[in-house]
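> Here you go, this is data-v5.txt (compact mmCIF, N, CA, C and O atoms).
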# COMPACT_ATOMS: atom_id res chain seq x y z
N MET A 4 79.48 63.61 216.88
CA MET A 4 80.24 64.75 217.38
C MET A 4 81.63 64.74 216.72
O MET A 4 82.30 63.72 216.70
N ASP A 5 82.03 65.87 216.23
CA ASP A 5 83.33 66.01 215.56
C ASP A 5 84.35 66.56 216.54
O ASP A 5 84.52 67.78 216.67
N LEU A 6 85.04 65.67 217.24
CA LEU A 6 86.00 66.09 218.25
C LEU A 6 87.23 66.77 217.66
O LEU A 6 87.82 67.65 218.30
N VAL A 7 87.60 66.39 216.45
CA VAL A 7 88.74 67.05 215.80
C VAL A 7 88.40 68.52 215.58
O VAL A 7 89.21 69.41 215.87
N ARG A 8 87.22 68.77 215.09
CA ARG A 8 86.80 70.16 214.86
C ARG A 8 86.78 70.94 216.17
O ARG A 8 87.23 72.09 216.23
N GLU A 9 86.29 70.33 217.22
CA GLU A 9 86.25 70.99 218.52
C GLU A 9 87.65 71.31 219.03
O GLU A 9 87.89 72.38 219.57
N LEU A 10 88.56 70.36 218.85
CA LEU A 10 89.95 70.58 219.29
C LEU A 10 90.58 71.73 218.50
O LEU A 10 91.23 72.61 219.07
N LEU A 11 90.39 71.72 217.18
CA LEU A 11 90.95 72.78 216.35
C LEU A 11 90.37 74.14 216.73
O LEU A 11 91.08 75.15 216.76
N ARG A 12 89.08 74.17 217.02
CA ARG A 12 88.43 75.43 217.42
C ARG A 12 89.07 76.00 218.69
O ARG A 12 89.30 77.18 218.80
N GLY A 13 89.35 75.12 219.62
CA GLY A 13 89.99 75.56 220.86
C GLY A 13 91.45 75.91 220.68
O GLY A 13 92.01 76.68 221.47
N ALA A 14 92.07 75.34 219.66
CA ALA A 14 93.50 75.59 219.44
C ALA A 14 93.76 76.92 218.73
O ALA A 14 94.88 77.44 218.83
N VAL A 15 92.79 77.47 218.06
CA VAL A 15 92.99 78.71 217.31
C VAL A 15 93.47 79.85 218.22
O VAL A 15 94.47 80.51 217.91
N PRO A 16 92.83 80.12 219.36
CA PRO A 16 93.34 81.20 220.21
C PRO A 16 94.76 80.93 220.72
O PRO A 16 95.55 81.87 220.85
N VAL A 17 95.08 79.68 220.96
CA VAL A 17 96.43 79.32 221.41
C VAL A 17 97.43 79.63 220.30
O VAL A 17 98.50 80.20 220.54
N HIS A 18 97.07 79.27 219.08
CA HIS A 18 97.94 79.53 217.93
C HIS A 18 98.15 81.04 217.75
O HIS A 18 99.28 81.50 217.53
N ILE A 19 97.09 81.80 217.87
CA ILE A 19 97.20 83.25 217.74
C ILE A 19 98.10 83.81 218.83
O ILE A 19 99.00 84.61 218.56
N LEU A 20 97.87 83.39 220.06
CA LEU A 20 98.67 83.89 221.17
C LEU A 20 100.15 83.53 220.99
O LEU A 20 101.03 84.35 221.25
N HIS A 21 100.41 82.33 220.51
CA HIS A 21 101.79 81.91 220.25
C HIS A 21 102.48 82.88 219.28
O HIS A 21 103.58 83.37 219.55
N HIS A 22 101.85 83.14 218.16
CA HIS A 22 102.47 84.02 217.16
C HIS A 22 102.55 85.46 217.64
O HIS A 22 103.53 86.16 217.36
N ALA A 23 101.56 85.91 218.38
CA ALA A 23 101.58 87.29 218.89
C ALA A 23 102.72 87.46 219.90
O ALA A 23 103.29 88.54 220.01
N ALA A 24 103.06 86.38 220.60
CA ALA A 24 104.15 86.44 221.58
C ALA A 24 105.50 86.20 220.94
O ALA A 24 106.48 86.88 221.25
N GLU A 25 105.59 85.24 220.04
CA GLU A 25 106.88 84.81 219.49
C GLU A 25 107.32 85.60 218.27
O GLU A 25 108.51 85.73 218.02
N ASP A 26 106.39 86.10 217.49
CA ASP A 26 106.73 86.78 216.25
C ASP A 26 106.75 88.30 216.37
O ASP A 26 106.92 89.00 215.38
N GLY A 27 106.51 88.81 217.57
CA GLY A 27 106.55 90.25 217.77
C GLY A 27 105.33 90.98 217.26
O GLY A 27 105.33 92.19 217.14
N GLY A 28 104.28 90.27 216.93
CA GLY A 28 103.04 90.89 216.50
C GLY A 28 102.48 90.23 215.26
O GLY A 28 103.24 89.71 214.44
N VAL A 29 101.18 90.24 215.17
CA VAL A 29 100.48 89.66 214.02
C VAL A 29 99.37 90.61 213.60
O VAL A 29 98.92 91.44 214.37
N TYR A 30 98.94 90.46 212.36
CA TYR A 30 97.76 91.19 211.91
C TYR A 30 96.81 90.19 211.26
O TYR A 30 97.20 89.07 210.91
N GLY A 31 95.57 90.58 211.15
CA GLY A 31 94.50 89.66 210.77
C GLY A 31 94.74 88.87 209.50
O GLY A 31 94.61 87.64 209.51
N ALA A 32 95.07 89.53 208.41
CA ALA A 32 95.23 88.82 207.13
C ALA A 32 96.38 87.81 207.21
O ALA A 32 96.26 86.68 206.72
N TRP A 33 97.48 88.20 207.85
CA TRP A 33 98.60 87.26 207.99
C TRP A 33 98.19 86.08 208.85
O TRP A 33 98.51 84.93 208.55
N MET A 34 97.49 86.37 209.95
CA MET A 34 97.09 85.31 210.87
C MET A 34 96.13 84.34 210.18
O MET A 34 96.24 83.12 210.36
N ALA A 35 95.21 84.84 209.38
CA ALA A 35 94.28 83.98 208.65
C ALA A 35 95.04 83.06 207.71
O ALA A 35 94.75 81.87 207.60
N GLU A 36 96.05 83.59 207.04
CA GLU A 36 96.87 82.79 206.13
C GLU A 36 97.68 81.74 206.90
O GLU A 36 97.76 80.58 206.50
N GLU A 37 98.25 82.14 208.02
CA GLU A 37 99.02 81.20 208.86
C GLU A 37 98.12 80.08 209.36
O GLU A 37 98.50 78.91 209.33
N LEU A 38 96.95 80.43 209.82
CA LEU A 38 96.02 79.40 210.31
C LEU A 38 95.60 78.46 209.18
O LEU A 38 95.50 77.25 209.38
N ALA A 39 95.39 79.00 207.99
CA ALA A 39 95.01 78.17 206.84
C ALA A 39 96.10 77.16 206.51
O ALA A 39 95.80 76.03 206.13
N HIS A 40 97.37 77.54 206.68
CA HIS A 40 98.49 76.62 206.43
C HIS A 40 98.42 75.41 207.36
O HIS A 40 98.99 74.37 207.07
N HIS A 41 97.76 75.58 208.48
CA HIS A 41 97.66 74.50 209.46
C HIS A 41 96.29 73.83 209.44
O HIS A 41 95.97 73.07 210.36
N GLY A 42 95.50 74.14 208.42
CA GLY A 42 94.21 73.47 208.27
C GLY A 42 93.04 74.14 208.96
O GLY A 42 91.93 73.61 208.96
N TYR A 43 93.26 75.30 209.56
CA TYR A 43 92.16 76.03 210.20
C TYR A 43 91.49 76.89 209.14
O TYR A 43 92.13 77.73 208.53
N ARG A 44 90.23 76.68 208.95
CA ARG A 44 89.48 77.52 208.01
C ARG A 44 88.66 78.49 208.86
O ARG A 44 87.70 78.11 209.49
N ILE A 45 89.11 79.74 208.88
CA ILE A 45 88.48 80.73 209.74
C ILE A 45 88.19 81.99 208.93
O ILE A 45 89.06 82.50 208.25
N SER A 46 86.97 82.44 209.00
CA SER A 46 86.56 83.62 208.24
C SER A 46 86.95 84.88 208.99
O SER A 46 87.13 84.86 210.21
N PRO A 47 87.05 85.99 208.27
CA PRO A 47 87.33 87.26 208.95
C PRO A 47 86.27 87.58 210.01
O PRO A 47 86.58 88.16 211.04
N GLY A 48 85.03 87.18 209.75
CA GLY A 48 83.95 87.42 210.69
C GLY A 48 84.09 86.63 211.98
O GLY A 48 83.42 86.93 212.97
N THR A 49 84.94 85.63 211.97
CA THR A 49 85.25 84.87 213.19
C THR A 49 86.58 85.32 213.77
O THR A 49 86.73 85.46 214.98
N LEU A 50 87.57 85.55 212.90
CA LEU A 50 88.91 85.89 213.36
C LEU A 50 88.97 87.23 214.08
O LEU A 50 89.52 87.34 215.18
N TYR A 51 88.41 88.27 213.48
CA TYR A 51 88.55 89.60 214.06
C TYR A 51 87.84 89.74 215.41
O TYR A 51 88.41 90.32 216.34
N PRO A 52 86.65 89.18 215.58
CA PRO A 52 86.05 89.20 216.92
C PRO A 52 86.88 88.40 217.94
O PRO A 52 86.95 88.78 219.12
N LEU A 53 87.52 87.31 217.50
CA LEU A 53 88.37 86.54 218.40
C LEU A 53 89.58 87.38 218.83
O LEU A 53 89.93 87.41 220.01
N LEU A 54 90.20 88.07 217.90
CA LEU A 54 91.32 88.95 218.24
C LEU A 54 90.85 90.02 219.24
O LEU A 54 91.54 90.31 220.21
N GLN A 55 89.66 90.56 219.02
CA GLN A 55 89.12 91.58 219.93
C GLN A 55 88.86 90.99 221.32
O GLN A 55 89.16 91.63 222.33
N ARG A 56 88.33 89.76 221.38
CA ARG A 56 88.09 89.12 222.68
C ARG A 56 89.41 88.88 223.43
O ARG A 56 89.48 89.07 224.65
N LEU A 57 90.43 88.46 222.70
CA LEU A 57 91.74 88.25 223.32
C LEU A 57 92.31 89.57 223.83
O LEU A 57 92.94 89.63 224.89
N GLU A 58 92.07 90.65 223.10
CA GLU A 58 92.51 91.96 223.55
C GLU A 58 91.68 92.42 224.75
O GLU A 58 92.23 92.89 225.75
N ASP A 59 90.37 92.25 224.68
CA ASP A 59 89.51 92.63 225.80
C ASP A 59 89.86 91.83 227.06
O ASP A 59 89.72 92.34 228.18
N GLY A 60 90.32 90.60 226.87
CA GLY A 60 90.70 89.76 227.99
C GLY A 60 92.09 90.06 228.54
O GLY A 60 92.55 89.40 229.47
N GLY A 61 92.78 91.03 227.94
CA GLY A 61 94.08 91.43 228.44
C GLY A 61 95.24 90.58 227.96
O GLY A 61 96.36 90.75 228.44
N LEU A 62 95.00 89.68 227.01
CA LEU A 62 96.06 88.80 226.52
C LEU A 62 96.81 89.39 225.32
O LEU A 62 97.96 89.04 225.08
N LEU A 63 96.14 90.27 224.58
CA LEU A 63 96.75 90.95 223.44
C LEU A 63 96.57 92.44 223.61
O LEU A 63 95.65 92.90 224.29
N ARG A 64 97.43 93.20 222.94
CA ARG A 64 97.23 94.64 222.80
C ARG A 64 97.39 94.94 221.32
O ARG A 64 98.12 94.23 220.61
N SER A 65 96.73 95.95 220.86
CA SER A 65 96.85 96.28 219.44
C SER A 65 97.32 97.71 219.26
O SER A 65 97.15 98.56 220.14
N SER A 66 97.92 97.93 218.11
CA SER A 66 98.34 99.27 217.72
C SER A 66 98.16 99.38 216.22
O SER A 66 98.14 98.37 215.50
N GLU A 67 97.99 100.60 215.77
CA GLU A 67 97.80 100.84 214.34
C GLU A 67 99.12 101.25 213.70
O GLU A 67 99.86 102.05 214.28
N HIS A 68 99.38 100.69 212.52
CA HIS A 68 100.59 101.00 211.76
C HIS A 68 100.18 101.35 210.34
O HIS A 68 99.31 100.68 209.76
N LEU A 69 100.81 102.34 209.78
CA LEU A 69 100.55 102.72 208.39
C LEU A 69 101.46 101.89 207.49
O LEU A 69 102.68 101.95 207.60
N VAL A 70 100.85 101.07 206.62
CA VAL A 70 101.59 100.21 205.72
C VAL A 70 101.04 100.41 204.31
O VAL A 70 99.86 100.16 204.05
N ASP A 71 101.89 100.88 203.41
CA ASP A 71 101.49 101.13 202.02
C ASP A 71 100.23 101.98 201.94
O ASP A 71 99.31 101.72 201.17
N GLY A 72 100.17 103.00 202.78
CA GLY A 72 99.06 103.93 202.74
C GLY A 72 97.79 103.44 203.43
O GLY A 72 96.77 104.12 203.41
N ARG A 73 97.86 102.26 204.04
CA ARG A 73 96.68 101.70 204.73
C ARG A 73 97.02 101.47 206.19
O ARG A 73 98.16 101.17 206.54
N VAL A 74 96.01 101.58 207.02
CA VAL A 74 96.20 101.34 208.45
C VAL A 74 96.05 99.85 208.71
O VAL A 74 95.09 99.21 208.29
N ARG A 75 97.04 99.30 209.39
CA ARG A 75 97.02 97.89 209.76
C ARG A 75 97.04 97.80 211.28
O ARG A 75 97.87 98.42 211.93
N ARG A 76 96.12 97.03 211.84
CA ARG A 76 96.10 96.81 213.29
C ARG A 76 96.96 95.59 213.60
O ARG A 76 96.72 94.50 213.10
N VAL A 77 97.99 95.80 214.41
CA VAL A 77 98.93 94.75 214.77
C VAL A 77 98.70 94.38 216.23
O VAL A 77 98.60 95.25 217.10
N TYR A 78 98.62 93.08 216.47
CA TYR A 78 98.37 92.55 217.82
C TYR A 78 99.64 91.92 218.36
O TYR A 78 100.28 91.12 217.69
N THR A 79 99.98 92.28 219.59
CA THR A 79 101.11 91.67 220.29
C THR A 79 100.62 91.13 221.63
O THR A 79 99.63 91.62 222.18
N ALA A 80 101.32 90.15 222.13
CA ALA A 80 100.95 89.57 223.42
C ALA A 80 101.35 90.52 224.55
O ALA A 80 102.42 91.13 224.51
N THR A 81 100.49 90.63 225.53
CA THR A 81 100.81 91.38 226.74
C THR A 81 101.59 90.46 227.67
O THR A 81 101.74 89.26 227.40
N SER A 82 102.06 90.99 228.79
CA SER A 82 102.74 90.13 229.76
C SER A 82 101.78 89.07 230.28
O SER A 82 102.17 87.92 230.48
N ALA A 83 100.50 89.43 230.45
CA ALA A 83 99.51 88.42 230.86
C ALA A 83 99.33 87.37 229.78
O ALA A 83 99.14 86.18 230.08
N GLY A 84 99.41 87.78 228.52
CA GLY A 84 99.30 86.84 227.41
C GLY A 84 100.48 85.87 227.37
O GLY A 84 100.31 84.68 227.11
N VAL A 85 101.66 86.38 227.63
CA VAL A 85 102.86 85.53 227.67
C VAL A 85 102.75 84.53 228.82
O VAL A 85 103.08 83.35 228.66
N GLU A 86 102.27 84.99 229.97
CA GLU A 86 102.08 84.09 231.11
C GLU A 86 101.04 83.02 230.80
O GLU A 86 101.22 81.85 231.13
N GLU A 87 99.95 83.43 230.16
CA GLU A 87 98.90 82.46 229.81
C GLU A 87 99.43 81.45 228.80
O GLU A 87 99.13 80.26 228.88
N LEU A 88 100.24 81.91 227.86
CA LEU A 88 100.84 81.00 226.88
C LEU A 88 101.73 79.98 227.58
O LEU A 88 101.72 78.80 227.24
N ALA A 89 102.48 80.41 228.57
CA ALA A 89 103.32 79.47 229.32
C ALA A 89 102.46 78.43 230.03
O ALA A 89 102.80 77.24 230.03
N ARG A 90 101.35 78.85 230.60
CA ARG A 90 100.43 77.90 231.26
C ARG A 90 99.84 76.93 230.24
O ARG A 90 99.72 75.74 230.50
N LEU A 91 99.49 77.45 229.08
CA LEU A 91 98.93 76.59 228.03
C LEU A 91 99.95 75.57 227.56
O LEU A 91 99.60 74.41 227.30
N ARG A 92 101.20 75.98 227.45
CA ARG A 92 102.25 75.04 227.02
C ARG A 92 102.40 73.88 227.99
O ARG A 92 102.60 72.75 227.58
N VAL A 93 102.28 74.15 229.28
CA VAL A 93 102.36 73.09 230.28
C VAL A 93 101.22 72.11 230.08
O VAL A 93 101.41 70.88 230.05
N VAL A 94 100.02 72.63 229.92
CA VAL A 94 98.83 71.77 229.75
C VAL A 94 98.94 70.96 228.46
O VAL A 94 98.68 69.75 228.44
N ILE A 95 99.33 71.61 227.37
CA ILE A 95 99.44 70.93 226.08
C ILE A 95 100.53 69.87 226.13
O ILE A 95 100.36 68.76 225.61
N ASN A 96 101.65 70.20 226.76
CA ASN A 96 102.75 69.24 226.87
C ASN A 96 102.31 68.01 227.67
O ASN A 96 102.60 66.87 227.29
N GLU A 97 101.63 68.25 228.77
CA GLU A 97 101.15 67.13 229.59
C GLU A 97 100.16 66.26 228.82
O GLU A 97 100.27 65.04 228.82
N LEU A 98 99.21 66.90 228.15
CA LEU A 98 98.22 66.17 227.39
C LEU A 98 98.86 65.38 226.25
O LEU A 98 98.59 64.19 226.06
N SER A 99 99.73 66.05 225.49
CA SER A 99 100.35 65.37 224.35
C SER A 99 101.24 64.23 224.83
O SER A 99 101.30 63.16 224.21
N GLY A 100 101.94 64.43 225.95
CA GLY A 100 102.77 63.36 226.50
C GLY A 100 101.94 62.13 226.87
O GLY A 100 102.35 61.00 226.61
N GLU A 101 100.79 62.38 227.46
CA GLU A 101 99.92 61.27 227.85
C GLU A 101 99.31 60.57 226.63
O GLU A 101 99.30 59.35 226.53
N ILE A 102 98.82 61.35 225.71
CA ILE A 102 98.15 60.80 224.53
C ILE A 102 99.14 60.11 223.59
O ILE A 102 98.84 59.04 223.04
N LEU A 103 100.31 60.70 223.41
CA LEU A 103 101.27 60.17 222.44
C LEU A 103 102.17 59.09 223.03
O LEU A 103 102.85 58.40 222.28
N ASP A 104 102.19 58.94 224.34
CA ASP A 104 103.00 57.90 224.98
C ASP A 104 102.27 56.56 224.81
O ASP A 104 101.25 56.32 225.42
N ARG A 105 102.83 55.72 223.96
CA ARG A 105 102.13 54.46 223.66
C ARG A 105 102.86 53.33 224.28
O ARG A 105 103.77 52.83 224.24
As a first step, turn the structure in this file into structure tokens.

Amino acid sequence: MDLVRELLRGAVPVHILHHAAEDGGVYGAWMAEELAHHGYRISPGTLYPLLQRLEDGGLLRSSEHLVDGRVRRVYTATSAGVEELARLRVVINELSGEILDR
């Protein structure tokens, strides 16, 4: 069993929510690049459905913006998404404190 892979898989939505809340919005291609910088290899076929699930779950909202003649869907965190991110930070902080406290 690859626990590192499982942890990274679970961390991707947290990472997306963080940037959608802190950066004022994200779009798919940028998010894929950002995730790749952190070692997450995620295909568009995985990323876009995940963004849609986060939106369907009320954590993100999307809007369309015209950029260089193309429509770009930008995702921002909702108030529920910001609250969920705060809850996640508590859990992550507690876990990291326990694991990293040697």
> Find the residues around A:Ala23 up to 10 Å (only C-alpha atoms counted), leave out those fewer than 5 positions away in its own chain, and share them as a list in words.
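The filter keeps Val17, His18, Gly28, Val29, Tyr30, Met34, Leu62, Leu63, Arg64, Val77, Tyr78, Thr79, Ala80, Thr81, Gly84 and Val85 of chain A.
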> Can you pull out the residues contacting A:Arg12? Cut-off 8 Å, using all atoms listed in the file, and skip same-chain residues under 6 positions away; I want them as a PyMOL selection string.
chain A and resi 5-6+43
> List every residue of chain A that DSSP, applied to the backbone of this structure, assigns to strand (DSSP E), and report them as a PyMOL selection string.
chain A and resi 29-30+63-70+73-80
> What's the 8 Å shell around A:Leu54, counting all atoms listed in the file, without same-chain residues fewer than 3 positions away, as a short mmCIF file (atom, residue, chain, number, x, y, z; two decimals) with N, CA, C and O atoms, in the frame of the given file?

data_model
loop_
_atom_site.label_atom_id
_atom_site.label_comp_id
_atom_site.auth_asym_id
_atom_site.auth_seq_id
_atom_site.Cartn_x
_atom_site.Cartn_y
_atom_site.Cartn_z
N PRO A 16 92.83 80.12 219.36
CA PRO A 16 93.34 81.20 220.21
C PRO A 16 94.76 80.93 220.72
O PRO A 16 95.55 81.87 220.85
N PRO A 47 87.05 85.99 208.27
CA PRO A 47 87.33 87.26 208.95
C PRO A 47 86.27 87.58 210.01
O PRO A 47 86.58 88.16 211.04
N THR A 49 84.94 85.63 211.97
CA THR A 49 85.25 84.87 213.19
C THR A 49 86.58 85.32 213.77
O THR A 49 86.73 85.46 214.98
N LEU A 50 87.57 85.55 212.90
CA LEU A 50 88.91 85.89 213.36
C LEU A 50 88.97 87.23 214.08
O LEU A 50 89.52 87.34 215.18
N TYR A 51 88.41 88.27 213.48
CA TYR A 51 88.55 89.60 214.06
C TYR A 51 87.84 89.74 215.41
O TYR A 51 88.41 90.32 216.34
N LEU A 57 90.43 88.46 222.70
CA LEU A 57 91.74 88.25 223.32
C LEU A 57 92.31 89.57 223.83
O LEU A 57 92.94 89.63 224.89
N GLU A 58 92.07 90.65 223.10
CA GLU A 58 92.51 91.96 223.55
C GLU A 58 91.68 92.42 224.75
O GLU A 58 92.23 92.89 225.75
N ASP A 59 90.37 92.25 224.68
CA ASP A 59 89.51 92.63 225.80
C ASP A 59 89.86 91.83 227.06
O ASP A 59 89.72 92.34 228.18
N GLY A 60 90.32 90.60 226.87
CA GLY A 60 90.70 89.76 227.99
C GLY A 60 92.09 90.06 228.54
O GLY A 60 92.55 89.40 229.47
N GLY A 61 92.78 91.03 227.94
CA GLY A 61 94.08 91.43 228.44
C GLY A 61 95.24 90.58 227.96
O GLY A 61 96.36 90.75 228.44
N LEU A 62 95.00 89.68 227.01
CA LEU A 62 96.06 88.80 226.52
C LEU A 62 96.81 89.39 225.32
O LEU A 62 97.96 89.04 225.08
N LEU A 63 96.14 90.27 224.58
CA LEU A 63 96.75 90.95 223.44
C LEU A 63 96.57 92.44 223.61
O LEU A 63 95.65 92.90 224.29
N ARG A 64 97.43 93.20 222.94
CA ARG A 64 97.23 94.64 222.80
C ARG A 64 97.39 94.94 221.32
O ARG A 64 98.12 94.23 220.61
N SER A 65 96.73 95.95 220.86
CA SER A 65 96.85 96.28 219.44
C SER A 65 97.32 97.71 219.26
O SER A 65 97.15 98.56 220.14
N TYR A 78 98.62 93.08 216.47
CA TYR A 78 98.37 92.55 217.82
C TYR A 78 99.64 91.92 218.36
O TYR A 78 100.28 91.12 217.69
#
> If you take every atom of stretch 80-91 of chain A that the file lists and fit an axis-aligned box around them with 8 Å extra on each side, what centre and edge lengths come out in Å to one decimal, as AutoDock Vina command-line options?

--center_x 101.1 --center_y 82.9 --center_z 226.7 --size_x 20.4 --size_y 33.0 --size_z 25.1
